[in-house]
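Here is the structure we will look at, set down as structure tokens.
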Protein chains: 4
Amino acid sequence: MQAVVCHGPRDYRLETIPVPTRGPGEILVRVEAVGICASDLKCYHGAAKFWGDANRPAWAETEAVPGHEIAGRVVELDDEASQHWGVDLDDRVVVEQIVPCWSCRYCDTGNYHMCQVHNMYGFKRANPGGMEEFMVLSTASLVHTISKEIPAAHAAFAEPLSCALHAVERATIGFADTVVVAGCGPIGLSMIAGAAAKFPQALVALDMDQRKLDLALKTGATAAINIAEEDAVARVKEMTGGYGCDVYLEGTGAPPAVLQGLNMLRKLGRFVEYSVFKEDVTVDWSIISDDKELDVRGAHLGPNCWPAAIRLIESGRLPLDEICSHQLPLSKFQEGLDLVASGTESTKVTLIPGMA
Amino acid sequence: MQAVVCHGPRDYRLETIPVPTRGPGEILVRVEAVGICASDLKCYHGAAKFWGDANRPAWAETEAVPGHEIAGRVVELDDEASQHWGVDLDDRVVVEQIVPCWSCRYCDTGNYHMCQVHNMYGFKRANPGGMEEFMVLSTASLVHTISKEIPAAHAAFAEPLSCALHAVERATIGFADTVVVAGCGPIGLSMIAGAAAKFPQALVALDMDQRKLDLALKTGATAAINIAEEDAVARVKEMTGGYGCDVYLEGTGAPPAVLQGLNMLRKLGRFVEYSVFKEDVTVDWSIISDDKELDVRGAHLGPNCWPAAIRLIESGRLPLDEICSHQLPLSKFQEGLDLVASGTESTKVTLIPGMA
Amino acid sequence: MQAVVCHGPRDYRLETIPVPTRGPGEILVRVEAVGICASDLKCYHGAAKFWGDANRPAWAETEAVPGHEIAGRVVELDDEASQHWGVDLDDRVVVEQIVPCWSCRYCDTGNYHMCQVHNMYGFKRANPGGMEEFMVLSTASLVHTISKEIPAAHAAFAEPLSCALHAVERATIGFADTVVVAGCGPIGLSMIAGAAAKFPQALVALDMDQRKLDLALKTGATAAINIAEEDAVARVKEMTGGYGCDVYLEGTGAPPAVLQGLNMLRKLGRFVEYSVFKEDVTVDWSIISDDKELDVRGAHLGPNCWPAAIRLIESGRLPLDEICSHQLPLSKFQEGLDLVASGTESTKVTLIPGMA
Amino acid sequence: MQAVVCHGPRDYRLETIPVPTRGPGEILVRVEAVGICASDLKCYHGAAKFWGDANRPAWAETEAVPGHEIAGRVVELDDEASQHWGVDLDDRVVVEQIVPCWSCRYCDTGNYHMCQVHNMYGFKRANPGGMEEFMVLSTASLVHTISKEIPAAHAAFAEPLSCALHAVERATIGFADTVVVAGCGPIGLSMIAGAAAKFPQALVALDMDQRKLDLALKTGATAAINIAEEDAVARVKEMTGGYGCDVYLEGTGAPPAVLQGLNMLRKLGRFVEYSVFKEDVTVDWSIISDDKELDVRGAHLGPNCWPAAIRLIESGRLPLDEICSHQLPLSKFQEGLDLVASGTESTKVTLIPGMA
């Protein structure tokens, strides 16, 4: 079968490899769609977080098959697997990106997303990801069924959407809150979808790209501010009687968006940080303490949020035809990576192994 | 009467000014003790936070009398004041540093410490601070009685202690938590006192000064690590099965202490930031989000914590004779500022207007 | 003008009284609609909570004008009132039922809905309610504008809806929660509307009246159980892998609904009690502690939820034409009270002073 | 060896049975002390909670060895057990009462104390309790070491103390809170010890027995009210400016103590229910909702609180010589049960298998 194989930074190749063999309790799926994540791109570009530097060892491995935003069709399973996940032959499934160890302190207390070992699909040889025609879902995985009636690319979008929903949960949004989302890429739009599902007082989208802002308004934002054209901090203060927003969800990974959030929040506000940053962030931490007594809350992955993400996708509420902007065959993975890298033309780029 | 008057950065002078006049509902106190805070020193040194820069206006004013860690004796009051605060003639009182506007959104919702207007004693002409022989407590103030049986310098310590207790409340410490406090100056020692009052599993003090670490152990720390001599992150991980501490209270205001905390915390841990920083802090925000999903919680002032601070001081539990290391007459205010600046000899320096 | 005047239990009379006079900072409104609440009926029937008994004094007063679910048109105001609430002549407004004292410990900390004094429109002579042609909104009130484009009865529904939204906030509903609402009267339907606005995993309505259950499904419930026909506890356990629901919102005021909730919840679940009970509730409190370690959270009024209630009403999401089932002129107030008493024909009964 | 064996309600017998055999990974301990809990007495008296009734099946079994407040000495173990719990031969250990299934939804999310299966030592044949000379600690158990330097009865007190500490954690006590504890038996005194360890503003003990109130004051209460002699609600309101207490910890299991708590709390207060009740509780639930918007929080067992209980016991802070009022040999188990039943002479009664 065909698979994308990582041979190191900037060296991903389409190769023919054997169809993997399922062990007891495991599922073999035919991959229908695999989204390309910003972290896939960072890994491709050789970021230190993946390939190590002076201060930390490499986490990613060569010979791995990338891809952790996966939707597929069950082609082989046994009774154990069927009962474990409530899944049948030919079901369409999505699988959580993390493959928990189920024995560290975090896994033992319901926080499997913070698993100390932290294996994920798509970065190591032991857990080949979805950029291949067939893949095996290991027994430690979390597998969910999803409708067959929707495009496969929409199904694979459950991964970024669940992450964003978890970030939204971290924000404890109330009916009276004015919520700002920074960035209208796949994660930012998903945050908007999730925050809208909490019915806040106002939901403001920020981006520099008018096309994405328009999409944000279709996704549930009640206002959109083009930060390239307007003073967003001033606008948000104006909308809030001079105080600032109650909640700021950071989904850009760009350091200036952190300072923007610290400045835009009211005192005692909540800042949710979901992003992975390429560079360090330099800000005055006195804003967190002395000036505003903020709550800055990190968010990682989408624990317990996959069923909600699936419901939201299946509900038809979201403009997924526009969000899932590009589908490409596996063979055009390089074009896919380049689309994500340029950022301006695409929103979510998905590889479709079954596409000619 | 004598008073220290601020004429701008590095220009504080001992002057003779009229005894202030009390208005209706106000209290006139004879100042018994006024502590010198690190922020007094930053103001003295001309920090941008106080005197402004390209990005922000000046907040401090010349002609103001500094000092916001105040203990005094009531020498004049009317019935209105007496009933308002439950205070009588000759009572010893301490007064909260903030003079709330009582009409902004924060004051209206119980968060008077985040008052939008944010007047404080000791920085503006309208609210002269405690570095004078007599001072007026305005009707908007929060006044508390405190025992006359203790040294005046100990009474004035209610201000930094209440701030630290609020930082401790922000940490929501449970019985099973391993808590680390960075810095063993007046605030750090107060955090240790407050955290010890929550009976955590372990309470670790960090500093570079062995004298202060010894004092930390007397104040309630169960372990002390000299970060100049040991790898504190490694030590704390060793103490916690390799995971890291549950809570990190930052009380140094030194940027490296932020990175230290981010590295020392376990995943899903709580970082409480109390400090004011002279410089920006440069760290990888991915630690907050992707790596550890932390809660970073700011803390400012000591709302609702003054009665507890007073109880703790009066309880005799704390080694206040050692913490309140230096008492000087008002005339030696410059020596006091210099002692705080050098940092190595003193812990808390207090001016005693009645001292010869 | 015409007004309903309470002369004691079961003695409410339509009378002609003078149009009230507005004081400085107050608003005179022409009442467009006033809903009849279950508590109005309890007061009418002489409940001890309102008219006292051996253990407590009377709270309600004779000569008062009932009605606290009020929508009206501004017919007279001054600049002070206009600026205070952002309201203009001829605006349609709704007013919160509570008239806070703004000086007790609760009012001072943002919990105005728990005001120690606890004056409300419609129960005392000093605060005549909405069952009259014109009424005065006092300076201590909380006034909100609402669209003129909707029926007046829908506007008045902001009162019960805001109460239900506050109950929903108390439940801290997450995306993964299975939520059960007991009772599909005006409050229960509003709870369903509010819980649906939080996008839970499942939202189950309970009632004995099939008509109301059908309305619940239109309002956002994902399932409806007729407790007269089915074993609701068994059904909910079946829906939740045998565990029970995560959240139970009690909106009936019937004692058996409390036991039902305690039995239906999973361990560590959340029970929100909004209702006022005519009788004591007898249950095994060991279910709260030993059996399930529950959180039972009370809810009262709709603090900070009026803007959200207004948004929800204006959004057109709710089947308000069906919920607001009966509108009657002021002169038919007795028919209105009787309709609420019988319960089976009506959902929300509203008096319309301008109706012939 | 000697053991107490339950043959049904009111039929417990001292018998000679074989010393149990340890399986792989298990520990054999020589029991040094086993406390008699109020629930042991309820089981002895045939309460429906243990032996079933029309509505529920029996949970307790005949032929079981009672006792779940256990301290013992390790006399046999293998490497697996030693590494699992960090325990060595001859260590003194205490064991948590619950024997979790480690596979239900609660065990999987860190809430092992709410285990759906809910096996405990001392009630079923499969998990013989501590009223025997030797006992086996199963692999699913939670075992903790404790000092050999203290009396064995004090060590066994870790069980009730950990339960009380968990109840205290549920109360989220702040420095400014006035906390009331109802009941000064072993649980109530332990709640006082735990609440005192949080340094609240005031800590008030309630009981009808002056001896127990005196013990409460030694344990950390700042005030004691004899409810047989004084109007406790009035006293507490007087102490709190007429508002009522912030936190009420219910540790009596007597229905009137529930109403007392509801009446004594301020609006928006927290009521923690730890007790098991013999009878239903009849109260006006409108106090929870409409009158006060309370939080009623259940508490069960002592999850994650055993290390803190052990520290507190080892600290010497508690008057354990007085709290552990009676130690008896195993042969006098009936006298022990009778002492607990009468309640007036004893506080904690402990059986000491090694006592002649």
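Identifiers in the structure tokens: chain A, B, ... in order shown; residue index from 1 per chain; ligand index from 1 in order shown.
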Nearby residues (only C-alpha atoms) at most 6 Å from region 144-148 of chain C, same-chain spacing under 6 positions excluded, as a ChimeraX atom specification: /C:92-94
Chain D contacts to chain B at 8 Å (only C-alpha atoms) as number ranges by chain: D: 169, 174-176, 197-201, 304-305, 307-308
Selection to disk with all heavy atoms, as a CSV table (one decimal), in the first residue's frame:
chain,number,residue,atom,x,y,z
D,169,GLU,N,-11.9,19.2,52.8
D,169,GLU,CA,-11.5,19.6,51.5
D,169,GLU,C,-12.7,20.0,50.7
D,169,GLU,O,-12.7,21.0,49.9
D,169,GLU,CB,-10.7,18.5,50.7
D,169,GLU,CG,-9.4,18.1,51.3
D,169,GLU,CD,-8.2,19.0,50.8
D,169,GLU,OE1,-8.4,20.2,50.8
D,169,GLU,OE2,-7.1,18.4,50.6
D,174,GLY,N,-11.8,29.1,53.2
D,174,GLY,CA,-10.8,30.2,53.1
D,174,GLY,C,-10.5,30.9,54.4
D,174,GLY,O,-11.1,30.6,55.4
D,175,PHE,N,-9.4,31.7,54.4
D,175,PHE,CA,-9.0,32.4,55.6
D,175,PHE,C,-10.1,33.2,56.3
D,175,PHE,O,-10.0,33.4,57.5
D,175,PHE,CB,-7.8,33.3,55.3
D,175,PHE,CG,-6.5,32.5,55.0
D,175,PHE,CD1,-5.8,32.9,53.8
D,175,PHE,CD2,-6.0,31.5,55.8
D,175,PHE,CE1,-4.6,32.2,53.5
D,175,PHE,CE2,-4.8,30.9,55.5
D,175,PHE,CZ,-4.1,31.2,54.3
D,176,ALA,N,-11.0,33.7,55.5
D,176,ALA,CA,-12.0,34.6,56.1
D,176,ALA,C,-13.3,33.9,56.5
D,176,ALA,O,-14.2,34.5,57.0
D,176,ALA,CB,-12.4,35.6,55.0
D,197,ALA,N,-6.7,23.1,60.5
D,197,ALA,CA,-5.5,23.1,59.7
D,197,ALA,C,-5.6,24.0,58.4
D,197,ALA,O,-4.7,24.1,57.6
D,197,ALA,CB,-5.2,21.7,59.2
D,198,LYS,N,-6.8,24.6,58.2
D,198,LYS,CA,-7.0,25.6,57.1
D,198,LYS,C,-7.0,27.0,57.6
D,198,LYS,O,-7.2,27.9,56.8
D,198,LYS,CB,-8.3,25.3,56.4
D,198,LYS,CG,-8.4,23.9,55.7
D,198,LYS,CD,-7.4,23.8,54.6
D,198,LYS,CE,-7.5,22.5,53.8
D,198,LYS,NZ,-6.4,22.3,52.9
D,199,PHE,N,-6.9,27.2,58.9
D,199,PHE,CA,-6.8,28.6,59.5
D,199,PHE,C,-7.9,29.5,59.2
D,199,PHE,O,-7.8,30.6,58.7
D,199,PHE,CB,-5.4,29.2,59.1
D,199,PHE,CG,-5.0,30.3,60.0
D,199,PHE,CD1,-4.7,30.1,61.3
D,199,PHE,CD2,-4.8,31.6,59.5
D,199,PHE,CE1,-4.3,31.2,62.1
D,199,PHE,CE2,-4.4,32.7,60.3
D,199,PHE,CZ,-4.1,32.4,61.6
D,200,PRO,N,-9.2,29.0,59.5
D,200,PRO,CA,-10.3,29.9,59.2
D,200,PRO,C,-10.4,31.0,60.2
D,200,PRO,O,-9.8,31.0,61.3
D,200,PRO,CB,-11.5,29.0,59.3
D,200,PRO,CG,-11.1,27.9,60.3
D,200,PRO,CD,-9.6,27.8,60.1
D,201,GLN,N,-11.3,32.0,59.9
D,201,GLN,CA,-11.5,33.1,60.8
D,201,GLN,C,-12.0,32.7,62.2
D,201,GLN,O,-11.6,33.1,63.2
D,201,GLN,CB,-12.6,34.0,60.2
D,201,GLN,CG,-13.0,35.2,61.0
D,201,GLN,CD,-11.9,36.3,61.1
D,201,GLN,OE1,-11.0,36.3,60.3
D,201,GLN,NE2,-12.0,37.1,62.1
D,304,ASN,N,-7.3,10.4,48.9
D,304,ASN,CA,-6.1,11.3,48.8
D,304,ASN,C,-5.8,12.0,50.1
D,304,ASN,O,-4.9,12.9,50.1
D,304,ASN,CB,-6.3,12.3,47.7
D,304,ASN,CG,-6.6,11.6,46.3
D,304,ASN,OD1,-6.0,10.7,45.9
D,304,ASN,ND2,-7.7,12.1,45.7
D,305,CYS,N,-6.5,11.7,51.2
D,305,CYS,CA,-6.3,12.4,52.4
D,305,CYS,C,-5.5,11.5,53.5
D,305,CYS,O,-5.3,12.0,54.6
D,305,CYS,CB,-7.6,12.8,53.0
D,305,CYS,SG,-8.3,14.2,52.0
D,307,PRO,N,-2.3,10.4,53.6
D,307,PRO,CA,-1.0,10.9,54.0
D,307,PRO,C,-1.2,12.2,54.9
D,307,PRO,O,-0.4,12.3,55.9
D,307,PRO,CB,-0.4,11.3,52.6
D,307,PRO,CG,-1.0,10.4,51.6
D,307,PRO,CD,-2.4,10.3,52.1
D,308,ALA,N,-2.1,13.0,54.6
D,308,ALA,CA,-2.3,14.2,55.5
D,308,ALA,C,-2.8,13.7,56.9
D,308,ALA,O,-2.4,14.3,57.9
D,308,ALA,CB,-3.3,15.1,54.9
Sel. of strand (DSSP E or B) residues, region 115-304 of chain C, as a PyMOL selection string: chain C and resi 119-120+132+134-137+143-145+178-182+202-207+223-226+245-250+265-273+281-283+295-298
List the spatial neighbours of Ala254 (chain C) as a PDB file with N, CA and C atoms, in the first residue's frame - criterion: any atom at most 12 Å away, only C-alpha atoms, same-chain residues fewer than 5 positions off excluded.
ATOM      1  N   ALA C 182     -36.299  18.298  35.334  1.00  0.00           N
ATOM      2  CA  ALA C 182     -37.558  17.793  35.880  1.00  0.00           C
ATOM      3  C   ALA C 182     -38.615  18.882  35.820  1.00  0.00           C
ATOM      4  N   GLY C 183     -39.658  18.645  35.046  1.00  0.00           N
ATOM      5  CA  GLY C 183     -40.750  19.609  34.942  1.00  0.00           C
ATOM      6  C   GLY C 183     -40.649  20.440  33.685  1.00  0.00           C
ATOM      7  N   ASP C 207     -41.714  14.993  32.486  1.00  0.00           N
ATOM      8  CA  ASP C 207     -42.999  15.569  32.890  1.00  0.00           C
ATOM      9  C   ASP C 207     -44.048  14.457  32.814  1.00  0.00           C
ATOM     10  N   LEU C 259     -36.433  13.277  45.346  1.00  0.00           N
ATOM     11  CA  LEU C 259     -35.958  11.899  45.482  1.00  0.00           C
ATOM     12  C   LEU C 259     -35.614  11.314  44.114  1.00  0.00           C
ATOM     13  N   GLN C 260     -36.469  11.613  43.146  1.00  0.00           N
ATOM     14  CA  GLN C 260     -36.205  11.145  41.781  1.00  0.00           C
ATOM     15  C   GLN C 260     -34.828  11.602  41.303  1.00  0.00           C
ATOM     16  N   GLY C 261     -34.502  12.846  41.588  1.00  0.00           N
ATOM     17  CA  GLY C 261     -33.205  13.377  41.166  1.00  0.00           C
ATOM     18  C   GLY C 261     -32.052  12.714  41.893  1.00  0.00           C
ATOM     19  N   GLU C 273     -31.267  22.872  42.545  1.00  0.00           N
ATOM     20  CA  GLU C 273     -32.623  23.078  43.054  1.00  0.00           C
ATOM     21  C   GLU C 273     -33.015  24.520  42.832  1.00  0.00           C
ATOM     22  N   TYR C 274     -34.019  24.735  42.000  1.00  0.00           N
ATOM     23  CA  TYR C 274     -34.509  26.098  41.785  1.00  0.00           C
ATOM     24  C   TYR C 274     -35.842  26.356  42.488  1.00  0.00           C
ATOM     25  N   SER C 275     -36.599  25.305  42.711  1.00  0.00           N
ATOM     26  CA  SER C 275     -38.011  25.471  43.085  1.00  0.00           C
ATOM     27  C   SER C 275     -38.237  26.017  44.490  1.00  0.00           C
ATOM     28  N   VAL C 276     -39.464  26.541  44.671  1.00  0.00           N
ATOM     29  CA  VAL C 276     -40.004  26.838  45.987  1.00  0.00           C
ATOM     30  C   VAL C 276     -41.009  25.729  46.287  1.00  0.00           C
ATOM     31  N   PHE C 277     -40.920  25.158  47.489  1.00  0.00           N
ATOM     32  CA  PHE C 277     -41.776  24.021  47.853  1.00  0.00           C
ATOM     33  C   PHE C 277     -42.884  24.454  48.801  1.00  0.00           C
ATOM     34  N   LYS C 278     -44.056  23.903  48.566  1.00  0.00           N
ATOM     35  CA  LYS C 278     -45.157  24.154  49.487  1.00  0.00           C
ATOM     36  C   LYS C 278     -44.989  23.356  50.771  1.00  0.00           C
ATOM     37  N   GLU C 279     -44.398  22.156  50.620  1.00  0.00           N
ATOM     38  CA  GLU C 279     -44.252  21.269  51.779  1.00  0.00           C
ATOM     39  C   GLU C 279     -42.784  20.911  51.987  1.00  0.00           C
ATOM     40  N   ASP C 280     -42.478  20.375  53.143  1.00  0.00           N
ATOM     41  CA  ASP C 280     -41.135  19.880  53.408  1.00  0.00           C
ATOM     42  C   ASP C 280     -40.832  18.695  52.504  1.00  0.00           C
ATOM     43  N   VAL C 281     -39.556  18.448  52.317  1.00  0.00           N
ATOM     44  CA  VAL C 281     -39.092  17.329  51.492  1.00  0.00           C
ATOM     45  C   VAL C 281     -38.436  16.295  52.403  1.00  0.00           C
ATOM     46  N   THR C 282     -38.884  15.056  52.299  1.00  0.00           N
ATOM     47  CA  THR C 282     -38.373  13.979  53.137  1.00  0.00           C
ATOM     48  C   THR C 282     -37.590  12.992  52.274  1.00  0.00           C
TER      49      THR C 282
ATOM     50  N   ASP D 284     -37.286  21.912  54.692  1.00  0.00           N
ATOM     51  CA  ASP D 284     -37.803  22.741  53.604  1.00  0.00           C
ATOM     52  C   ASP D 284     -36.670  22.995  52.610  1.00  0.00           C
ATOM     53  N   TRP D 285     -36.760  22.330  51.453  1.00  0.00           N
ATOM     54  CA  TRP D 285     -35.704  22.491  50.442  1.00  0.00           C
ATOM     55  C   TRP D 285     -35.687  23.891  49.832  1.00  0.00           C
ATOM     56  N   SER D 286     -36.727  24.696  50.071  1.00  0.00           N
ATOM     57  CA  SER D 286     -36.704  26.085  49.580  1.00  0.00           C
ATOM     58  C   SER D 286     -35.576  26.878  50.238  1.00  0.00           C
TER      59      SER D 286
END
Those in region 33-148 of chain B with alpha helix (DSSP H) from DSSP, as a PyMOL selection string: chain B and resi 38-44+48-51+79-85
Spatial neighbours of region 110-115 of chain C, max dist 10 Å, only C-alpha atoms, sep filter under 3 positions, as JSON, numbers by chain: {"B": [105, 106, 107, 108, 109, 110, 111], "C": [96, 97, 98, 99, 100, 101, 102, 103, 104, 105, 106, 107, 118, 119, 300, 301, 302, 303, 304], "D": [267, 268, 290, 291, 292, 293]}
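Closest approach to Arg317 (chain B) among B:Asp231, B:Arg211, B:Ser190, B:Phe333 is made by B:Ser190 (distances from only C-alpha atoms).
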Close residues, Ile150 (chain D) itself excluded, 10 Å, only C-alpha atoms, min 6 positions apart in chain, as a ChimeraX atom specification: /D:313-314,316
Shortest interatomic distance to Thr347 (chain D) - which of D:Gly35, D:Gly72, D:Pro66, D:Gly269, counting only C-alpha atoms: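 Selected residue with least distance to Thr347 (chain D): D:Gly35.
The two atoms in question, CA of Ile227 (chain D) and CA of Cys37 (chain D), are spaced 24.0 Å apart.
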Contacts of Val87 (chain A) within 9 Å, only C-alpha atoms, excl. fewer than 2 positions in-chain, as a PyMOL selection string: chain A and resi 74+77+81-85+89-93+143-145
Hey, can you spit out that residue selection with all heavy atoms as a tab-separated table (two decimals), in the first residue's frame?
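Full text of result_20.tsv as output:
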chain	number	residue	atom	x	y	z
A	74	VAL	N	-13.68	0.76	9.28
A	74	VAL	CA	-13.23	-0.48	9.92
A	74	VAL	C	-13.27	-1.61	8.90
A	74	VAL	O	-14.33	-1.94	8.37
A	74	VAL	CB	-14.13	-0.83	11.13
A	74	VAL	CG1	-13.73	-2.19	11.72
A	74	VAL	CG2	-14.05	0.27	12.18
A	77	LEU	N	-11.68	-6.45	12.52
A	77	LEU	CA	-11.61	-6.35	13.99
A	77	LEU	C	-12.11	-7.66	14.60
A	77	LEU	O	-12.69	-8.49	13.91
A	77	LEU	CB	-12.44	-5.16	14.51
A	77	LEU	CG	-13.94	-5.33	14.77
A	77	LEU	CD1	-14.50	-4.09	15.43
A	77	LEU	CD2	-14.72	-5.63	13.51
A	81	ALA	N	-12.28	-6.07	20.34
A	81	ALA	CA	-12.25	-4.68	19.88
A	81	ALA	C	-13.67	-4.15	19.72
A	81	ALA	O	-13.97	-3.01	20.08
A	81	ALA	CB	-11.49	-4.59	18.56
A	82	SER	N	-14.52	-4.97	19.17
A	82	SER	CA	-15.90	-4.55	18.92
A	82	SER	C	-16.59	-4.16	20.23
A	82	SER	O	-17.28	-3.14	20.31
A	82	SER	CB	-16.65	-5.68	18.23
A	82	SER	OG	-18.00	-5.33	18.05
A	83	GLN	N	-16.37	-4.98	21.26
A	83	GLN	CA	-17.01	-4.67	22.54
A	83	GLN	C	-16.34	-3.51	23.26
A	83	GLN	O	-16.99	-2.69	23.90
A	83	GLN	CB	-16.99	-5.91	23.43
A	83	GLN	CG	-18.19	-6.82	23.13
A	83	GLN	CD	-18.01	-8.19	23.71
A	83	GLN	OE1	-17.44	-8.35	24.78
A	83	GLN	NE2	-18.51	-9.19	23.01
A	84	HIS	N	-15.03	-3.45	23.15
A	84	HIS	CA	-14.28	-2.40	23.83
A	84	HIS	C	-14.78	-1.01	23.41
A	84	HIS	O	-14.99	-0.13	24.23
A	84	HIS	CB	-12.79	-2.58	23.52
A	84	HIS	CG	-11.90	-1.57	24.16
A	84	HIS	ND1	-10.55	-1.50	23.93
A	84	HIS	CD2	-12.14	-0.57	25.04
A	84	HIS	CE1	-10.02	-0.52	24.60
A	84	HIS	NE2	-10.95	0.06	25.29
A	85	TRP	N	-14.95	-0.84	22.11
A	85	TRP	CA	-15.29	0.51	21.62
A	85	TRP	C	-16.72	0.61	21.08
A	85	TRP	O	-17.12	1.68	20.63
A	85	TRP	CB	-14.30	0.92	20.52
A	85	TRP	CG	-12.90	1.15	20.98
A	85	TRP	CD1	-12.48	2.09	21.88
A	85	TRP	CD2	-11.73	0.44	20.58
A	85	TRP	NE1	-11.11	2.01	22.05
A	85	TRP	CE2	-10.62	1.03	21.26
A	85	TRP	CE3	-11.48	-0.61	19.70
A	85	TRP	CZ2	-9.32	0.57	21.10
A	85	TRP	CZ3	-10.17	-1.05	19.53
A	85	TRP	CH2	-9.11	-0.47	20.23
A	89	LEU	N	-17.82	-3.81	12.00
A	89	LEU	CA	-17.21	-3.83	10.68
A	89	LEU	C	-17.89	-2.79	9.80
A	89	LEU	O	-19.12	-2.62	9.84
A	89	LEU	CB	-17.39	-5.23	10.07
A	89	LEU	CG	-16.35	-5.62	9.02
A	89	LEU	CD1	-14.96	-5.74	9.65
A	89	LEU	CD2	-16.74	-6.95	8.38
A	90	ASP	N	-17.09	-2.09	9.02
A	90	ASP	CA	-17.55	-1.07	8.07
A	90	ASP	C	-18.00	0.24	8.74
A	90	ASP	O	-18.36	1.20	8.04
A	90	ASP	CB	-18.68	-1.60	7.17
A	90	ASP	CG	-18.79	-0.73	5.92
A	90	ASP	OD1	-17.74	-0.33	5.38
A	90	ASP	OD2	-19.92	-0.44	5.51
A	91	ASP	N	-18.00	0.30	10.07
A	91	ASP	CA	-18.27	1.60	10.71
A	91	ASP	C	-17.21	2.60	10.29
A	91	ASP	O	-16.05	2.24	10.05
A	91	ASP	CB	-18.19	1.47	12.25
A	91	ASP	CG	-19.50	0.96	12.85
A	91	ASP	OD1	-20.48	0.77	12.11
A	91	ASP	OD2	-19.53	0.74	14.08
A	92	ARG	N	-17.64	3.84	10.23
A	92	ARG	CA	-16.63	4.90	10.08
A	92	ARG	C	-16.21	5.30	11.49
A	92	ARG	O	-17.06	5.52	12.37
A	92	ARG	CB	-17.20	6.10	9.35
A	92	ARG	CG	-16.20	7.24	9.25
A	92	ARG	CD	-16.77	8.44	8.57
A	92	ARG	NE	-16.57	8.34	7.13
A	92	ARG	CZ	-17.06	9.23	6.27
A	92	ARG	NH1	-17.79	10.24	6.70
A	92	ARG	NH2	-16.83	9.09	4.99
A	93	VAL	N	-14.90	5.44	11.68
A	93	VAL	CA	-14.39	5.81	13.01
A	93	VAL	C	-13.39	6.96	12.90
A	93	VAL	O	-12.77	7.17	11.86
A	93	VAL	CB	-13.71	4.62	13.73
A	93	VAL	CG1	-14.73	3.52	14.07
A	93	VAL	CG2	-12.55	4.07	12.92
A	143	VAL	N	-11.35	5.20	20.40
A	143	VAL	CA	-11.97	5.16	19.08
A	143	VAL	C	-13.44	5.56	19.19
A	143	VAL	O	-14.12	5.12	20.12
A	143	VAL	CB	-11.85	3.74	18.48
A	143	VAL	CG1	-12.55	3.65	17.13
A	143	VAL	CG2	-10.38	3.33	18.38
A	144	HIS	N	-13.91	6.39	18.28
A	144	HIS	CA	-15.31	6.83	18.27
A	144	HIS	C	-15.92	6.63	16.89
A	144	HIS	O	-15.25	6.88	15.89
A	144	HIS	CB	-15.39	8.32	18.62
A	144	HIS	CG	-14.68	8.71	19.87
A	144	HIS	ND1	-15.29	8.71	21.10
A	144	HIS	CD2	-13.40	9.09	20.10
A	144	HIS	CE1	-14.42	9.10	22.02
A	144	HIS	NE2	-13.26	9.33	21.44
A	145	THR	N	-17.17	6.23	16.84
A	145	THR	CA	-17.84	6.15	15.54
A	145	THR	C	-18.36	7.52	15.14
A	145	THR	O	-18.64	8.38	15.98
A	145	THR	CB	-19.05	5.18	15.60
A	145	THR	OG1	-19.89	5.56	16.68
A	145	THR	CG2	-18.59	3.75	15.80
Coordinates-based distance that separates CA of Val179 (chain D) from CA of Leu213 (chain D) (Å, one decimal):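 CA of Leu213 (chain D) sits 15.3 Å away from CA of Val179 (chain D).
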Shell around Gly188 (chain D) at 8 Å using only C-alpha atoms, local window under 4 positions removed, as a ChimeraX atom specification: /D:164,181-184,192,250-252
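CA of Asp246 (chain A) lies 28.8 Å from CA of Arg266 (chain D).
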